[in-house]
2 protein chains.
Amino acid sequence: MVVKCVVSYDGTNYKGWQVQPNANTIQKQIEETLYQIHHCTRVEAVASGRTDTHVHALGQVFHFITDLNLSEKDWKFKLNRLLPKDIRIREVTFETDDFHARFSCTSKRYDYLICTNGDDPFVRNYMYVEKRKLDLERMTQAAHVFEGCHDFTSFTSSKIHEEKSRVRTITECSVHEEENCIRMIFKGDGFLRYQVRMMAQTIIEVGLNHLEVNDVKEMLEATDKHVCRYKAEAKGLYLVEVNYD
Amino acid sequence: MVVKCVVSYDGTNYKGWQVQPNANTIQKQIEETLYQIHHCTRVEAVASGRTDTHVHALGQVFHFITDLNLSEKDWKFKLNRLLPKDIRIREVTFETDDFHARFSCTSKRYDYLICTNGDDPFVRNYMYVEKRKLDLERMTQAAHVFEGCHDFTSFTSSKIHEEKSRVRTITECSVHEEENCIRMIFKGDGFLRYQVRMMAQTIIEVGLNHLEVNDVKEMLEATDKHVCRYKAEAKGLYLVEVNYD
């Protein structure tokens with residue numbers, strides 16, 4: 001039985017999704033919970049992709065394979081009872097055997113939140129704080145540069161496998177003013193390591209008049225992994241949804 | 001010089017306002033910061049009133065007396081630079097010598113937030129979570145019982161000084177449905193220890209059909225410190241504003 005779970009987490013206290021030695025991670029917590037439910041048998045939780053240290057999720061997806069005979073409702077209940085309060089299973093559904101949280105994924109949405117309300121003790125772990133004036137019109141123009149199908153070599157970690165494709169399609173990259181914050185929305189068929197954070201900070205730099213929109217175009221066209229030195233803080237980033245056809 | 005400060009804090013990591021031995025409190029953090037700024041001289045921070053462990057503040061007020069010659073803007077900057085990120089000074093103003101954060105206070109507003117969105121990892125420290133159905137109409141009726149001038153002996157800590165007056169005037173006690181939460185607003189000339197939390201949980205119990213509106217009236221009229229066994233969790237409570245004429 002393949003079980004698909006939609007999970008929200010507050011990433012503040014975690015070193016990201018992926019299991020690592022001597023670190024508290026979301027995957028570790030979920031796999032320890034699955035281990036308990038499966039009477040001390042190890043069960044792998046396979047996510048749609050990793051999230052970095054301190055990145056949050058509203059709708060991360062993972063799957064696991066089980067022989068246990070529980071209903072969807074019981075899975076949700078059992079998992080949430082054992083998981084820490086900052087990791088919450090929102091939805092459990094049974095899938096066909098060919099479902100894979102990572103390989104079946106067709107698109108994702110990330111949001112990046114910038115607090116424009118000055119010092120607010122309640123957003124310190126949940127938004128990037130920018131006290132300087134941001135020019136939304138310029139940010140919107142910069143965001144549009146990223147839309148479409150591009151080679152995003154310039155906007156990913158420099159420690160990447162040379163042979164892997166860095167071509168991705170971004171269907172929406174937009175900037176919205178909300179009460180006390182600015183929301184950037186990134187929708188696409190997939191994102192490279194650090195891609196959203198590097199695009200986000202680049203858009204912010206345009207908003208601060210440190211870069212021109214044309215600089216962003218040139219950076220993107222350069223397909224050079226050393227060209228972008230910007231990466232927005234993790235705490236402002238949310239994996240909002242992961243879609244499957 | 002009397003300096004008045006408006007401060008916001010995330011109460012999650014603190015044992016309330018008041019200095020206590022071997023505990024991290026808001027007052028302790030502020031007084032340590034004042035001690036540093038005053039070159040190792042102790043300066044007392046006097047608040048409008050205590051807040052309990054895990055209670056938050058959007059607009060708590062405190063004052064301190066100083067000989068230092070700094071501008072209002074410099075005080076705000078210096079304090080915020082040294083304070084932890086979960087305590088933020090919002091406003092600094094110089095007051096006349098007769099100003100006292102506690103004794104000059106004429107009214108306060110507290111809000112109590114109930115999350116009605118089920119399990120949400122982001123509100124675990126910031127709202128009371130109620131998954132059962134709450135009847136807002138009944139809650140509103142219960143809230144109105146508290147409005148006006150009453151002896152609130154039934155709605156405060158049983159460890160109170162017998163000689164002190166427990167008469168307070170509540171100018172607003174109301175219940176509002178918002179997106180994903182219910183907000184209760186409490187405005188009055190002052191509140192006794194635990195009073196807001198005890199009223200809040202009593203209103204919730206009426207919303208859950210565990211109490212009738214008439215029971216609340218009888219509890220209030222009893223002026224008996226043993227009659228109310230309810231006290232809402234601290235994490236849903238916010239000291240929103242403190243007013244001075």
# chains A, B, ... in the order shown; residues from 1 in each chain; ligands from 1
call {"tool": "interface_residues", "arguments": {"of": "chain B", "to": "chain A", "cutoff": "7 Å", "atoms": "only C-alpha atoms", "output": "PyMOL selection string"}}
result
chain B and resi 8-10+85-88+119-122+124
call {"tool": "residues_around", "arguments": {"residues": "Ile170 (chain B)", "least_positions_apart": "6", "cutoff": "9 Å", "atoms": "only C-alpha atoms", "output": "PyMOL selection string"}}
result
chain B and resi 146-150+186-191
call {"tool": "write_last_selection", "arguments": {"atoms": "C-alpha atoms", "output": "tab-separated table (two decimals), in the first residue's frame"}}
result
chain	number	residue	atom	x	y	z
B	146	PHE	CA	-19.10	40.57	32.05
B	147	GLU	CA	-19.65	44.08	30.70
B	148	GLY	CA	-20.19	46.85	33.24
B	149	CYS	CA	-18.96	47.42	36.76
B	150	HIS	CA	-18.76	44.23	38.83
B	186	PHE	CA	-11.62	42.50	26.65
B	187	LYS	CA	-11.41	46.23	27.40
B	188	GLY	CA	-11.58	47.66	30.89
B	189	ASP	CA	-10.11	49.95	33.50
B	190	GLY	CA	-7.99	47.11	34.83
B	191	PHE	CA	-7.95	43.35	35.26
call {"tool": "atom_distance", "arguments": {"atom1": "CA of Phe77 (chain B)", "atom2": "CA of Ala23 (chain B)"}}
result
26.2 Å
call {"tool": "residues_around", "arguments": {"residues": "Asp245 (chain A)", "least_positions_apart": "6", "cutoff": "12 Å", "atoms": "only C-alpha atoms", "output": "number ranges by chain"}}
result
A: 99-101, 103-108, 189
call {"tool": "write_last_selection", "arguments": {"atoms": "N, CA and C atoms", "output": "PDB file, in the first residue's frame"}}
result
ATOM      1  N   PHE A  99       2.545   5.563  -7.703  1.00  0.00           N
ATOM      2  CA  PHE A  99       2.694   6.927  -7.166  1.00  0.00           C
ATOM      3  C   PHE A  99       4.042   7.078  -6.469  1.00  0.00           C
ATOM      4  N   HIS A 100       4.702   8.187  -6.739  1.00  0.00           N
ATOM      5  CA  HIS A 100       5.974   8.490  -6.075  1.00  0.00           C
ATOM      6  C   HIS A 100       5.976   9.983  -5.778  1.00  0.00           C
ATOM      7  N   ALA A 101       6.165  10.358  -4.514  1.00  0.00           N
ATOM      8  CA  ALA A 101       6.039  11.765  -4.101  1.00  0.00           C
ATOM      9  C   ALA A 101       6.954  12.663  -4.928  1.00  0.00           C
ATOM     10  N   PHE A 103       8.831  11.653  -8.041  1.00  0.00           N
ATOM     11  CA  PHE A 103       8.817  11.477  -9.494  1.00  0.00           C
ATOM     12  C   PHE A 103       7.457  11.761 -10.127  1.00  0.00           C
ATOM     13  N   SER A 104       6.389  11.600  -9.364  1.00  0.00           N
ATOM     14  CA  SER A 104       5.051  11.859  -9.933  1.00  0.00           C
ATOM     15  C   SER A 104       4.668  13.334  -9.868  1.00  0.00           C
ATOM     16  N   CYS A 105       5.430  14.121  -9.152  1.00  0.00           N
ATOM     17  CA  CYS A 105       5.106  15.540  -8.954  1.00  0.00           C
ATOM     18  C   CYS A 105       5.163  16.307 -10.279  1.00  0.00           C
ATOM     19  N   THR A 106       4.142  17.099 -10.565  1.00  0.00           N
ATOM     20  CA  THR A 106       4.116  17.846 -11.834  1.00  0.00           C
ATOM     21  C   THR A 106       4.365  19.339 -11.642  1.00  0.00           C
ATOM     22  N   SER A 107       4.051  19.866 -10.467  1.00  0.00           N
ATOM     23  CA  SER A 107       4.361  21.276 -10.225  1.00  0.00           C
ATOM     24  C   SER A 107       4.358  21.568  -8.723  1.00  0.00           C
ATOM     25  N   LYS A 108       4.986  22.688  -8.398  1.00  0.00           N
ATOM     26  CA  LYS A 108       5.081  23.113  -6.992  1.00  0.00           C
ATOM     27  C   LYS A 108       4.857  24.606  -6.898  1.00  0.00           C
ATOM     28  N   ASP A 189       7.402  23.819 -12.688  1.00  0.00           N
ATOM     29  CA  ASP A 189       7.387  22.356 -12.779  1.00  0.00           C
ATOM     30  C   ASP A 189       8.414  21.729 -11.832  1.00  0.00           C
TER      31      ASP A 189
END
call {"tool": "select_by_dssp", "arguments": {"residues": "region 26-81 of chain B", "states": "alpha helix (DSSP H)", "output": "list in words"}}
result
Ile26, Gln27, Lys28, Gln29, Ile30, Glu31, Glu32, Thr33, Leu34, Tyr35, Gln36, Ile37, Glu72, Lys73, Asp74, Trp75, Lys76, Phe77, Lys78, Leu79, Asn80 and Arg81 of chain B
call {"tool": "write_last_selection", "arguments": {"atoms": "C-alpha atoms", "output": "PDB file, in the first residue's frame"}}
result
ATOM      1  CA  ILE B  26      10.721  39.853  30.032  1.00  0.00           C
ATOM      2  CA  GLN B  27      11.549  42.250  32.873  1.00  0.00           C
ATOM      3  CA  LYS B  28      14.858  40.462  33.432  1.00  0.00           C
ATOM      4  CA  GLN B  29      15.842  40.882  29.773  1.00  0.00           C
ATOM      5  CA  ILE B  30      14.853  44.548  29.743  1.00  0.00           C
ATOM      6  CA  GLU B  31      16.586  45.331  33.036  1.00  0.00           C
ATOM      7  CA  GLU B  32      19.771  43.574  31.878  1.00  0.00           C
ATOM      8  CA  THR B  33      19.687  45.724  28.759  1.00  0.00           C
ATOM      9  CA  LEU B  34      19.141  48.903  30.811  1.00  0.00           C
ATOM     10  CA  TYR B  35      22.017  47.803  33.097  1.00  0.00           C
ATOM     11  CA  GLN B  36      24.335  47.600  30.100  1.00  0.00           C
ATOM     12  CA  ILE B  37      23.257  50.957  28.692  1.00  0.00           C
ATOM     13  CA  GLU B  72      13.738  59.070  22.142  1.00  0.00           C
ATOM     14  CA  LYS B  73      14.954  57.641  18.825  1.00  0.00           C
ATOM     15  CA  ASP B  74      18.329  56.673  20.296  1.00  0.00           C
ATOM     16  CA  TRP B  75      16.673  54.913  23.226  1.00  0.00           C
ATOM     17  CA  LYS B  76      14.589  52.835  20.850  1.00  0.00           C
ATOM     18  CA  PHE B  77      17.603  51.987  18.727  1.00  0.00           C
ATOM     19  CA  LYS B  78      19.898  51.102  21.648  1.00  0.00           C
ATOM     20  CA  LEU B  79      17.305  49.006  23.450  1.00  0.00           C
ATOM     21  CA  ASN B  80      16.345  47.047  20.320  1.00  0.00           C
ATOM     22  CA  ARG B  81      19.975  46.458  19.405  1.00  0.00           C
TER      23      ARG B  81
END
call {"tool": "residues_around", "arguments": {"residues": "region 156-160 of chain B", "least_positions_apart": "5", "cutoff": "7 Å", "atoms": "only C-alpha atoms", "output": "list in words"}}
result
Leu192, Arg193, Tyr194, Gln195, Lys225 and His226 of chain B
call {"tool": "write_last_selection", "arguments": {"atoms": "C-alpha atoms", "output": "short mmCIF file (atom, residue, chain, number, x, y, z; two decimals), in the first residue's frame"}}
result
data_model
loop_
_atom_site.label_atom_id
_atom_site.label_comp_id
_atom_site.auth_asym_id
_atom_site.auth_seq_id
_atom_site.Cartn_x
_atom_site.Cartn_y
_atom_site.Cartn_z
CA LEU B 192 -7.25 41.11 38.24
CA ARG B 193 -4.80 38.23 38.20
CA TYR B 194 -6.01 35.48 35.78
CA GLN B 195 -9.26 37.43 35.22
CA LYS B 225 -13.29 32.81 44.65
CA HIS B 226 -13.94 29.04 44.45
#
